[in-house]
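Okay, data08.tsv is below, TSV, C-alpha atoms and all ligand atoms:
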```tsv
chain	number	residue	atom	x	y	z
X	20	MET	CA	159.90	50.29	14.63
X	21	ALA	CA	163.42	50.17	13.20
X	22	LEU	CA	165.82	52.82	14.49
X	23	LYS	CA	166.14	54.28	11.02
X	24	ASP	CA	162.40	54.96	11.01
X	25	GLU	CA	162.69	56.57	14.43
X	26	ILE	CA	165.46	58.82	13.15
X	27	TYR	CA	163.31	59.73	10.18
X	28	LYS	CA	160.63	60.88	12.61
X	29	LEU	CA	163.21	62.80	14.62
X	30	ILE	CA	164.34	64.62	11.48
X	31	GLN	CA	160.76	65.73	10.87
X	32	LEU	CA	160.42	66.63	14.51
X	33	GLN	CA	163.63	68.64	14.30
X	34	ASN	CA	162.19	70.71	11.44
X	35	VAL	CA	159.24	71.63	13.62
X	36	ASP	CA	161.40	72.23	16.69
X	37	SER	CA	163.78	74.46	14.73
X	38	GLU	CA	160.87	76.61	13.68
X	39	ILE	CA	159.59	76.74	17.24
X	40	TYR	CA	163.06	77.59	18.52
X	41	ASN	CA	163.49	80.42	16.03
X	42	LEU	CA	160.06	81.83	16.80
X	43	ARG	CA	160.72	81.65	20.54
X	44	SER	CA	164.03	83.43	20.29
X	45	ARG	CA	162.36	86.10	18.16
X	46	LYS	CA	159.61	86.40	20.76
X	47	ASP	CA	161.66	86.21	23.96
X	48	SER	CA	164.85	87.92	22.90
X	49	GLU	CA	164.89	89.78	19.58
X	50	ILE	CA	161.52	91.55	19.68
X	51	PRO	CA	161.83	92.68	23.32
X	52	LYS	CA	165.29	94.02	22.48
X	53	GLU	CA	163.94	95.87	19.44
X	54	LEU	CA	161.10	97.29	21.51
X	55	GLY	CA	163.56	98.41	24.18
X	56	ASN	CA	165.87	100.09	21.66
X	57	LEU	CA	162.95	101.78	19.98
X	58	LYS	CA	161.73	103.18	23.30
X	59	ASN	CA	165.21	104.32	24.37
X	60	ASP	CA	165.83	106.07	21.07
X	61	PHE	CA	162.55	107.90	21.26
X	62	GLU	CA	163.01	108.86	24.92
X	63	ARG	CA	166.45	110.21	24.10
X	64	ARG	CA	165.08	112.39	21.31
X	65	LYS	CA	162.29	113.59	23.55
X	66	LYS	CA	164.78	114.50	26.24
X	67	ASP	CA	166.96	116.34	23.72
X	68	PHE	CA	163.92	118.36	22.73
X	69	GLU	CA	163.08	119.13	26.35
X	70	THR	CA	166.64	120.29	26.98
X	71	PHE	CA	166.42	122.50	23.93
X	72	SER	CA	163.07	123.96	25.06
X	73	GLU	CA	164.64	124.71	28.43
X	74	LYS	CA	167.45	126.60	26.69
X	75	LEU	CA	164.91	128.61	24.73
X	76	LYS	CA	163.17	129.56	27.97
X	77	GLN	CA	166.47	130.68	29.46
X	78	LEU	CA	167.12	132.85	26.41
X	79	GLN	CA	163.74	134.50	26.91
X	80	VAL	CA	164.49	135.14	30.59
X	81	LYS	CA	167.87	136.60	29.65
X	82	LYS	CA	166.25	138.86	27.08
X	83	LYS	CA	163.71	140.11	29.63
X	84	GLU	CA	166.51	140.91	32.07
X	85	LYS	CA	168.36	142.88	29.42
X	86	GLU	CA	165.18	144.78	28.54
X	87	LEU	CA	164.69	145.68	32.19
X	88	ASP	CA	168.30	146.82	32.48
X	89	LEU	CA	167.82	148.89	29.36
X	90	ALA	CA	164.66	150.55	30.69
X	91	THR	CA	166.42	151.36	33.95
X	92	LYS	CA	169.40	152.87	32.13
X	93	GLU	CA	167.14	154.89	29.86
X	94	GLU	CA	165.38	156.19	32.94
X	95	SER	CA	168.76	157.16	34.40
X	96	VAL	CA	169.64	159.06	31.21
X	97	LYS	CA	166.37	160.99	31.41
X	98	LYS	CA	166.90	161.74	35.06
X	99	ALA	CA	170.48	162.95	34.46
X	100	GLN	CA	169.34	165.10	31.55
X	101	GLY	CA	166.67	166.64	33.78
X	102	GLN	CA	169.31	167.45	36.38
X	103	LEU	CA	171.53	169.24	33.84
X	104	PHE	CA	169.63	172.56	34.06
X	105	GLN	CA	169.59	172.66	37.81
X	106	LEU	CA	173.34	172.64	38.01
X	107	LYS	CA	175.07	175.82	39.07
X	108	SER	CA	178.73	175.48	38.07
X	109	ASN	CA	180.26	174.68	34.74
X	110	LYS	CA	182.33	171.96	36.39
X	111	GLU	CA	179.20	170.23	37.69
X	112	TYR	CA	177.60	170.65	34.30
X	113	GLN	CA	180.58	169.04	32.51
X	114	ALA	CA	180.64	166.19	35.02
X	115	LYS	CA	176.93	165.53	34.40
X	116	LEU	CA	177.50	165.53	30.63
X	117	THR	CA	180.23	162.93	31.08
X	118	GLU	CA	177.88	160.87	33.24
X	119	ILE	CA	175.16	161.14	30.59
X	120	ALA	CA	177.57	160.09	27.84
X	121	SER	CA	178.62	157.07	29.88
X	122	LEU	CA	174.98	156.13	30.57
X	123	LYS	CA	174.16	156.49	26.88
X	124	ALA	CA	177.04	154.20	26.00
X	125	ASP	CA	175.61	151.65	28.43
X	126	VAL	CA	172.21	152.08	26.80
X	127	SER	CA	173.53	151.38	23.34
X	128	LEU	CA	175.40	148.30	24.59
X	129	LEU	CA	172.21	147.04	26.21
X	130	GLU	CA	170.29	147.74	23.02
X	131	GLU	CA	172.77	145.59	21.15
X	132	ASP	CA	172.39	142.87	23.76
X	133	VAL	CA	168.61	142.94	23.40
X	134	ILE	CA	168.82	142.74	19.59
X	135	LYS	CA	171.28	139.87	19.88
X	136	ALA	CA	168.99	138.08	22.35
X	137	LEU	CA	166.04	138.60	20.00
X	138	ASP	CA	168.01	137.08	17.13
X	139	GLU	CA	169.01	134.13	19.25
X	140	ILE	CA	165.41	133.60	20.31
X	141	ASP	CA	164.17	133.82	16.73
X	142	CYS	CA	166.71	131.26	15.63
X	143	ALA	CA	166.01	128.94	18.57
X	144	ASP	CA	162.29	129.35	18.14
X	145	LYS	CA	162.48	128.33	14.49
X	146	LYS	CA	164.64	125.36	15.35
X	147	SER	CA	162.30	124.43	18.19
X	148	LYS	CA	159.30	124.36	15.84
X	149	GLU	CA	161.21	122.16	13.39
X	150	GLU	CA	162.33	119.87	16.19
X	151	LYS	CA	158.81	119.64	17.51
X	152	GLN	CA	157.55	118.57	14.11
X	153	ALA	CA	160.37	116.07	13.70
X	154	LEU	CA	159.66	114.70	17.17
X	155	SER	CA	155.99	114.21	16.50
X	156	ALA	CA	156.81	112.45	13.20
X	157	GLU	CA	159.26	110.33	15.16
X	158	GLU	CA	156.61	109.54	17.75
X	159	LYS	CA	154.18	108.44	15.06
X	160	LYS	CA	156.82	106.17	13.53
X	161	TYR	CA	157.72	104.83	16.97
X	162	LYS	CA	154.09	103.99	17.79
X	163	GLU	CA	153.60	102.33	14.40
X	164	THR	CA	156.70	100.17	14.73
X	165	GLU	CA	155.77	99.31	18.29
X	166	ALA	CA	152.31	98.20	17.15
X	167	GLN	CA	153.85	96.14	14.33
X	168	LEU	CA	156.18	94.37	16.75
X	169	ASN	CA	153.33	93.69	19.15
X	170	ASN	CA	151.35	92.24	16.25
X	171	GLN	CA	154.31	90.06	15.42
X	172	LEU	CA	154.35	88.81	19.01
X	173	ALA	CA	150.70	87.81	18.75
X	174	GLU	CA	151.30	86.13	15.39
X	175	ILE	CA	154.24	84.21	16.80
X	176	ASP	CA	152.06	82.90	19.63
X	177	THR	CA	149.56	81.59	17.08
X	178	LYS	CA	152.29	80.03	14.95
X	179	ILE	CA	153.90	78.36	17.97
X	180	LYS	CA	150.55	76.94	19.01
X	181	ILE	CA	150.05	75.39	15.55
X	182	LEU	CA	153.59	74.00	15.54
X	183	GLU	CA	153.15	72.57	19.06
X	184	GLU	CA	150.09	70.69	17.81
X	185	LYS	CA	152.02	69.42	14.83
X	186	LYS	CA	154.77	68.34	17.18
X	187	SER	CA	152.44	66.50	19.53
X	188	ASN	CA	151.15	64.51	16.56
X	189	LEU	CA	154.66	63.63	15.45
X	190	VAL	CA	155.94	62.54	18.86
X	191	LYS	CA	153.10	60.06	19.35
X	192	ASP	CA	154.88	57.31	17.43
X	193	VAL	CA	158.44	57.98	18.58
X	194	ASP	CA	160.02	55.58	21.05
X	195	LYS	CA	159.88	57.08	24.56
X	196	HIS	CA	163.60	56.64	25.33
X	197	ILE	CA	164.70	58.04	22.02
X	198	LEU	CA	162.31	60.93	22.39
X	199	ALA	CA	163.59	61.69	25.90
X	200	LYS	CA	167.14	61.76	24.60
X	201	TYR	CA	166.13	63.99	21.69
X	202	GLU	CA	164.22	66.40	23.95
X	203	ARG	CA	167.17	66.65	26.31
X	204	LEU	CA	169.45	67.51	23.39
X	205	ILE	CA	166.97	70.07	22.05
X	206	ARG	CA	167.06	71.82	25.42
X	207	ILE	CA	170.81	71.88	25.83
X	208	ARG	CA	171.89	72.19	22.18
X	209	TYR	CA	170.13	75.46	21.32
X	210	GLY	CA	167.08	73.92	19.68
X	211	ARG	CA	169.05	71.58	17.46
X	212	ALA	CA	169.38	67.91	18.41
X	213	MET	CA	169.97	66.51	14.91
X	214	ALA	CA	172.94	67.00	12.65
X	215	ALA	CA	173.12	65.91	9.01
X	216	VAL	CA	176.52	64.68	7.90
X	217	ASN	CA	177.75	66.01	4.58
X	218	ILE	CA	178.86	62.84	2.81
X	219	GLU	CA	181.19	64.65	0.44
X	220	THR	CA	183.13	66.65	2.99
X	221	GLU	CA	182.44	64.15	5.79
X	222	ASN	CA	181.69	67.01	8.17
X	223	CYS	CA	179.07	67.34	10.89
X	224	GLY	CA	176.43	69.67	9.50
X	225	ALA	CA	176.04	71.44	12.84
X	226	CYS	CA	179.59	71.99	14.07
X	227	ASN	CA	181.71	71.09	11.00
X	228	MET	CA	183.74	68.50	12.85
X	229	ARG	CA	185.31	65.98	10.46
X	230	MET	CA	183.93	62.43	10.79
X	231	THR	CA	186.08	59.32	10.64
X	232	ALA	CA	185.22	56.63	8.09
X	233	GLN	CA	184.40	54.36	11.00
X	234	LYS	CA	181.97	56.90	12.40
X	235	ILE	CA	180.23	57.20	9.05
X	236	ASN	CA	179.91	53.44	8.87
X	237	GLU	CA	178.40	53.43	12.36
X	238	ILE	CA	175.85	56.02	11.27
X	239	LYS	CA	174.99	54.06	8.14
X	240	MET	CA	174.14	50.98	10.15
X	241	TYR	CA	171.35	52.72	12.08
X	242	ASP	CA	171.40	50.21	14.88
X	243	GLN	CA	172.15	52.79	17.57
X	244	LEU	CA	172.01	56.58	17.92
X	245	VAL	CA	175.40	57.93	16.88
X	246	LEU	CA	176.31	61.30	18.38
X	247	CYS	CA	178.79	63.87	17.13
X	248	GLU	CA	181.78	63.76	19.49
X	249	ASN	CA	182.16	67.50	19.30
X	250	CYS	CA	178.67	69.02	19.41
X	251	VAL	CA	176.81	66.00	20.83
X	252	ARG	CA	173.99	65.87	18.31
X	253	ILE	CA	172.33	62.85	16.72
X	254	LEU	CA	174.00	62.22	13.36
X	255	TYR	CA	172.39	60.99	10.16
X	256	LEU	CA	173.09	60.92	6.45
X	257	PRO	CA	170.43	62.83	4.50
X	258	GLU	CA	170.98	60.51	1.50
X	259	ASP	CA	169.59	57.63	3.54
X	260	PHE	CA	166.19	59.32	3.86
X	261	SER	CA	163.68	60.62	1.41
X	262	LEU	CA	163.59	64.13	2.81
X	301	ZN	ZN	178.80	68.19	15.45
```
Can you give me the file's structure in the form of structure tokens?
Amino acid sequence: MALKDEIYKLIQLQNVDSEIYNLRSRKDSEIPKELGNLKNDFERRKKDFETFSEKLKQLQVKKKEKELDLATKEESVKKAQGQLFQLKSNKEYQAKLTEIASLKADVSLLEEDVIKALDEIDCADKKSKEEKQALSAEEKKYKETEAQLNNQLAEIDTKIKILEEKKSNLVKDVDKHILAKYERLIRIRYGRAMAAVNIETENCGACNMRMTAQKINEIKMYDQLVLCENCVRILYLPEDFSL
């Protein structure tokens, strides 16, 4: 087979290999990355919610403490008031009244604290319910996207299998040495062994390197594989093939 015919086969092979390469990078790199990001984002939101729930619990504990303090103080007020009538001197009586006034002031401060704590809890509780709803919506979305991506992975496997079969049919007729060279380039040149030269701009279609007139003449002869000096890919002129 003439070299030009071999190159024609390689161009077709390259189309299949490019597809395979793109599917593989989607499968091995992009999708796993997307799945990882998705999981991290969700875990972060979940953790935020847990932190918030913990805060709510602390608020409730704080409120309970204040309520206990309040009950104790109220008890002290009652006790002091009970003592008032047992007191003999006016001085003792006045001192007790002062004590009662001070205890009552404490009581009203504690009452304010309890009301404030209740407000805080109400507010946090409302927010917590909203967050919980948002989180469960988020979880649903996360699971759906995860399932979609896993479906894509399965579809990619099927597509690759079909393309591999197509490829094995194409390689049958390609010269072994040329094929070996092509396969080596595919491996080291990121899935692209062939580069079309743009005849108008005289650039390599893969790396944009400018071709000399002599190089273009060499390509046109198709009596040896001509490689791009910059990106080391097999060069061809699309005009020379019915693509
Ligand atoms: Zn190049």
Which of X:Leu75, X:Ala136, X:Lys162, X:Glu184 sits closest to X:Lys148 [using all atoms listed in the file]: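 Of all the options, X:Leu75 lies closest to X:Lys148.
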Identify which of the residues X:Lys180, X:Lys191, X:Lys66, X:Arg208 lies closest to X:Asn249, counting all atoms listed in the file when measuring atom-to-atom distances.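 With all atoms listed in the file as the atom set, the closest residue is X:Arg208.
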Quick one: which chain X residues come within 10 Å of ligand ZN 301 (chain X), and what is the nearest atom pair for each with the distance in Å to one decimal, counting all atoms listed in the file, rows ordered by chain and ascending number, as JSON lines?
```
{"residue": "X:Ala212", "atom": "CA", "partner": "X:ZN301", "partner_atom": "ZN", "distance": 9.9}
{"residue": "X:Met213", "atom": "CA", "partner": "X:ZN301", "partner_atom": "ZN", "distance": 9.0}
{"residue": "X:Ala214", "atom": "CA", "partner": "X:ZN301", "partner_atom": "ZN", "distance": 6.6}
{"residue": "X:Ala215", "atom": "CA", "partner": "X:ZN301", "partner_atom": "ZN", "distance": 8.9}
{"residue": "X:Val216", "atom": "CA", "partner": "X:ZN301", "partner_atom": "ZN", "distance": 8.6}
{"residue": "X:Asn222", "atom": "CA", "partner": "X:ZN301", "partner_atom": "ZN", "distance": 7.9}
{"residue": "X:Cys223", "atom": "CA", "partner": "X:ZN301", "partner_atom": "ZN", "distance": 4.6}
{"residue": "X:Gly224", "atom": "CA", "partner": "X:ZN301", "partner_atom": "ZN", "distance": 6.6}
{"residue": "X:Ala225", "atom": "CA", "partner": "X:ZN301", "partner_atom": "ZN", "distance": 5.0}
{"residue": "X:Cys226", "atom": "CA", "partner": "X:ZN301", "partner_atom": "ZN", "distance": 4.1}
{"residue": "X:Asn227", "atom": "CA", "partner": "X:ZN301", "partner_atom": "ZN", "distance": 6.1}
{"residue": "X:Met228", "atom": "CA", "partner": "X:ZN301", "partner_atom": "ZN", "distance": 5.6}
{"residue": "X:Arg229", "atom": "CA", "partner": "X:ZN301", "partner_atom": "ZN", "distance": 8.5}
{"residue": "X:Met230", "atom": "CA", "partner": "X:ZN301", "partner_atom": "ZN", "distance": 9.0}
{"residue": "X:Leu246", "atom": "CA", "partner": "X:ZN301", "partner_atom": "ZN", "distance": 7.9}
{"residue": "X:Cys247", "atom": "CA", "partner": "X:ZN301", "partner_atom": "ZN", "distance": 4.6}
{"residue": "X:Glu248", "atom": "CA", "partner": "X:ZN301", "partner_atom": "ZN", "distance": 6.7}
{"residue": "X:Asn249", "atom": "CA", "partner": "X:ZN301", "partner_atom": "ZN", "distance": 5.2}
{"residue": "X:Cys250", "atom": "CA", "partner": "X:ZN301", "partner_atom": "ZN", "distance": 4.0}
{"residue": "X:Val251", "atom": "CA", "partner": "X:ZN301", "partner_atom": "ZN", "distance": 6.1}
{"residue": "X:Arg252", "atom": "CA", "partner": "X:ZN301", "partner_atom": "ZN", "distance": 6.1}
{"residue": "X:Ile253", "atom": "CA", "partner": "X:ZN301", "partner_atom": "ZN", "distance": 8.5}
{"residue": "X:Leu254", "atom": "CA", "partner": "X:ZN301", "partner_atom": "ZN", "distance": 7.9}
```
So how many Å separate atom CA of X:Ile39 and atom CA of X:Arg203, to one decimal?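 These two atoms are separated by 15.5 Å.
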Just how far from atom CA of X:Ala166 is atom CA of X:Glu69, in Å to one decimal?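 Distance reported for this atom pair: 25.3 Å.
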